[in-house]
Amino acid sequence: MPAHFAPSQPLQGGPSPSQLGPKELLIERALTRLRSIPNDLEKYTFLAGLRGRNPDVFYGLVGGNMKECCPIIYTPVIGLACQNWSLIHPPPPESDPTIDALYLSYSDLPNLPQLIGGLKTRLPHDQMQISVVTDGSRVLGLGDLGVGGMGISQGKLSLYVAAGGVNPKATLPIAIDFGTDNETLLADPLYVGQRIRRLSQEKCLEFMEVFMRCMHETFPNMVIQHEDWQTPLAFPLLHKNRDLYPCFNDDIQGTGAVVLAGAIRAFHLNGVALKDQKILFFGAGSSGVGVAETICKYFELQGMSEDEAKSKFWLVDSKGLVAHNRGDTLPSHKKYLARSEPDAPKLRTLKEVVEHVQPTALLGLSTVGGTFTKEILEAMATYNKRPIVFALSNPVAQAECTFEEAVEGTDGRVLYASGSPFDPVEYKGKRYEPGQGNNMYIFPGLGIGAILARVSKIPEELVHASAQGLADSLTPEETARHLLYPDIERIREVSIKIAVTVIQAAQKLGVDRNEELRGKSSAEIEAYVRKGMYHPLLEAEQQAQ
Ligand code: NAD
């Protein structure tokens, strides 16, 4: 169990209750109550209820205790919540049910313009800023959870508020019910979604075309984040919409950016020139391919030709090395980085590919826990002074190796990042700190930057700008500790830094629509970002000042 689930601690050294304002007192009570709950899922339902009842207290609590609360409202506990959604899904607040959870299904297609257009009367449509939309077809590493994906939409939006300063009233979580292929849900009479098999890709894309148009017509300034869509829908959705609307896919682009940021730092720390890096991806789904293509594009932006950049990458999937000549038909998303060397068809296991490539970096996005074995980690330590090992699959049980295994397998030399949180490790008398390459470093800053610049679309350059903003956000003290990512407790400051970088990139590309920000200096843009942020401890009238 991670250390941040430590048993309840009495408040020590803080202000006495009489010194606390009314909101702070409620926050301290809620924190004490949270710590008294022994079970993770119960902690989640307590926090979800609090969010509905009193958003200011919920966000004050989360914002002041990110390390403790994020694993509950987001990965890994959110996965458990999505799996149990039919039993626990929190009732929406009576005051505004839509804003807390909008469920749509394919049968809504003929009425979609009226349904979505009608939201204008219930939501402040000109102020709506961000929606997270899922069909729950591939939730974290847990597979198809149907409308249980709503937990992810809500969890991500909670982080937009806590980490990015978006006003909770400007967020809209959406789950689209296209059925489910999860046999357990199909057989469960208590399942809250439709107990039908998933609809065809064609029908889903037909629905999504109308959905995206209606959303944009109704909420012209809204950024739409696609989340946890299975790969065969994720890529077409991205490619169809990226030039039309301000939208992005967090699994493909958000993951790409956060891993790129960690990789920029790790390439610097392992001391190997970019042209000599050899990067091996274990897992070639939407996240693996998305990340590989993002880093590849970064190499191009650093001056390599496209072919030279591509030559630095190897992908492994369940059939072995992804190669043009391995005798099967590759899905389109795997073709771009597929290899064609003669030996490729013989390389079937990760171990064989590792020995063949001798990579400087090994990145896991396979959903299969424990696959970076001791043998593989030791091999990485043989080839490299500072091997880069990123075990990015979520939740914790799916991580390709734990931090402890990586430290031991490489005798403490590893540059490590994971998707889910791991505790620091003591090894041979020295303390080692893991990096958490979690998307939550990127999407709040990327989103708030895109919102405030009022972008017409989110080109790849903006995603790269967010990665650079994150890589540049470490303090001198964090840099001296050889960290790959900044302290998560500083997430608001990090998001501000990323937002400024994104706004400037949008202005450079001419995709910004907020004329007020044009011609402003970095400091002026930063002040504008800070001013636009929601602060749960301020009263409503103080927010806008
Ligand atoms: P996916 O199901 O689309 O892809 C999984 C890939 O792994 C496929 O290419 C599959 O062939 C391969 N694979 C599966 N089993 C394998 C095996 N035994 N040997 C070799 N290859 C195997 O999933 P995805 O959307 O790409 O997500 C992958 C993982 O990345 C998930 O666990 C997800 O939680 C994680 N992820 C992490 C972050 C983060 O914040 N770090 C962000 C997004 C996704």
# chains A, B, ... in the order shown; residues from 1 in each chain; ligands from 1
>>> select_by_dssp(residues="segment 427-537 of chain A", states="helix (DSSP H, G or I)", output="MDAnalysis selection string")
chainID A and resid 439:441 443:452 460:471 476:480 488:509 515:517 522:531
>>> closest_residue(among="A:Cys82, A:Val396, A:Leu159, A:Ile376", to="ligand 1", atoms="only C-alpha atoms and all ligand atoms")
A:Val396
>>> closest_residue(among="A:Val368, A:Leu157, A:Cys70, A:Ile525", to="ligand 1", atoms="only C-alpha atoms and all ligand atoms")
A:Val368
>>> residues_around(residues="Asp126 of chain A", least_positions_apart="5", cutoff="8 Å", atoms="only C-alpha atoms", output="PyMOL selection string")
chain A and resi 219-221
>>> atom_distance(atom1="atom CA of Glu42 of chain A", atom2="atom CA of Ala30 of chain A")
13.5 Å
>>> select_by_dssp(residues="segment 77-199 of chain A", states="strand (DSSP E or B)", output="VMD selection string")
chain A and resid 102 to 105 130 to 134 171 to 177
>>> atom_distance(atom1="atom CA of Leu452 of chain A", atom2="atom CA of Tyr534 of chain A")
13.2 Å
>>> atom_distance(atom1="atom CA of Val291 of chain A", atom2="atom CA of Thr255 of chain A")
6.3 Å
>>> residues_around(residues="Phe313 of chain A", least_positions_apart="3", cutoff="7 Å", atoms="only C-alpha atoms", output="JSON, numbers by chain")
{"A": [278, 279, 280, 310, 337]}
>>> residues_around(residues="Tyr528 of chain A", least_positions_apart="6", cutoff="10 Å", atoms="only C-alpha atoms", output="ChimeraX atom specification")
/A:452,496,500,516-517,520,522
>>> write_last_selection(atoms="N, CA, C and O atoms", output="PDB file, in the first residue's frame")
ATOM      1  N   LEU A 452      -7.959  29.306 -22.589  1.00  0.00           N
ATOM      2  CA  LEU A 452      -7.748  30.752 -22.450  1.00  0.00           C
ATOM      3  C   LEU A 452      -7.308  31.396 -23.764  1.00  0.00           C
ATOM      4  O   LEU A 452      -7.626  32.556 -24.019  1.00  0.00           O
ATOM      5  N   ILE A 496       0.286  26.321 -14.772  1.00  0.00           N
ATOM      6  CA  ILE A 496       0.380  27.713 -15.240  1.00  0.00           C
ATOM      7  C   ILE A 496       1.519  27.838 -16.260  1.00  0.00           C
ATOM      8  O   ILE A 496       1.385  28.416 -17.327  1.00  0.00           O
ATOM      9  N   VAL A 500       1.024  28.839 -20.249  1.00  0.00           N
ATOM     10  CA  VAL A 500       1.673  29.986 -20.909  1.00  0.00           C
ATOM     11  C   VAL A 500       2.380  29.504 -22.184  1.00  0.00           C
ATOM     12  O   VAL A 500       2.264  30.110 -23.259  1.00  0.00           O
ATOM     13  N   GLU A 516      -7.397  39.514 -27.024  1.00  0.00           N
ATOM     14  CA  GLU A 516      -6.952  40.244 -25.832  1.00  0.00           C
ATOM     15  C   GLU A 516      -5.532  39.845 -25.413  1.00  0.00           C
ATOM     16  O   GLU A 516      -4.797  40.626 -24.826  1.00  0.00           O
ATOM     17  N   LEU A 517      -5.148  38.593 -25.727  1.00  0.00           N
ATOM     18  CA  LEU A 517      -3.853  38.090 -25.262  1.00  0.00           C
ATOM     19  C   LEU A 517      -2.712  38.334 -26.252  1.00  0.00           C
ATOM     20  O   LEU A 517      -1.544  38.131 -25.932  1.00  0.00           O
ATOM     21  N   LYS A 520       1.045  40.192 -25.868  1.00  0.00           N
ATOM     22  CA  LYS A 520       1.397  40.293 -24.434  1.00  0.00           C
ATOM     23  C   LYS A 520       2.688  39.517 -24.148  1.00  0.00           C
ATOM     24  O   LYS A 520       3.002  38.536 -24.822  1.00  0.00           O
ATOM     25  N   SER A 522       5.349  37.171 -21.740  1.00  0.00           N
ATOM     26  CA  SER A 522       5.134  35.935 -20.958  1.00  0.00           C
ATOM     27  C   SER A 522       4.558  36.278 -19.586  1.00  0.00           C
ATOM     28  O   SER A 522       3.634  35.614 -19.100  1.00  0.00           O
TER      29      SER A 522
END
>>> residues_around(residues="Val62 of chain A", least_positions_apart="5", cutoff="10 Å", atoms="only C-alpha atoms", output="PyMOL selection string")
chain A and resi 27+31+47+56-57+67-70+72-73+158-159+161-163
>>> residues_around(residues="Leu365 of chain A", least_positions_apart="5", cutoff="7 Å", atoms="only C-alpha atoms", output="mmCIF file with N, CA and C atoms, in the first residue's frame")
data_model
loop_
_atom_site.group_PDB
_atom_site.id
_atom_site.type_symbol
_atom_site.label_atom_id
_atom_site.label_comp_id
_atom_site.auth_asym_id
_atom_site.auth_seq_id
_atom_site.Cartn_x
_atom_site.Cartn_y
_atom_site.Cartn_z
ATOM 1 N N PHE A 282 7.231 -1.441 -25.483
ATOM 2 C CA PHE A 282 6.554 -2.716 -25.259
ATOM 3 C C PHE A 282 5.062 -2.399 -25.128
ATOM 4 N N GLY A 283 4.289 -2.743 -26.162
ATOM 5 C CA GLY A 283 2.873 -2.344 -26.240
ATOM 6 C C GLY A 283 2.725 -1.366 -27.383
ATOM 7 N N SER A 287 -1.913 4.144 -26.804
ATOM 8 C CA SER A 287 -0.957 4.900 -25.983
ATOM 9 C C SER A 287 0.476 4.673 -26.467
ATOM 10 N N GLY A 288 0.862 3.410 -26.671
ATOM 11 C CA GLY A 288 2.236 3.101 -27.101
ATOM 12 C C GLY A 288 2.579 3.803 -28.411
ATOM 13 N N LEU A 392 4.708 2.191 -17.723
ATOM 14 C CA LEU A 392 3.632 3.191 -17.713
ATOM 15 C C LEU A 392 2.225 2.626 -17.623
ATOM 16 N N SER A 393 2.085 1.299 -17.674
ATOM 17 C CA SER A 393 0.720 0.759 -17.640
ATOM 18 C C SER A 393 0.068 0.945 -16.275
#
>>> closest_residue(among="A:His324, A:Arg51, A:Arg198, A:Arg138", to="ligand 1", atoms="only C-alpha atoms and all ligand atoms")
A:Arg138
>>> closest_residue(among="A:Ala361, A:Ile224, A:Leu330, A:Val139", to="ligand 1", atoms="only C-alpha atoms and all ligand atoms")
A:Val139
>>> closest_residue(among="A:Gly435, A:Gly409, A:Pro387, A:Pro536", to="Leu483 of chain A", atoms="only C-alpha atoms")
A:Gly435
>>> closest_residue(among="A:Ala261, A:Gly320, A:Thr349, A:Thr121", to="Ile498 of chain A", atoms="only C-alpha atoms")
A:Ala261
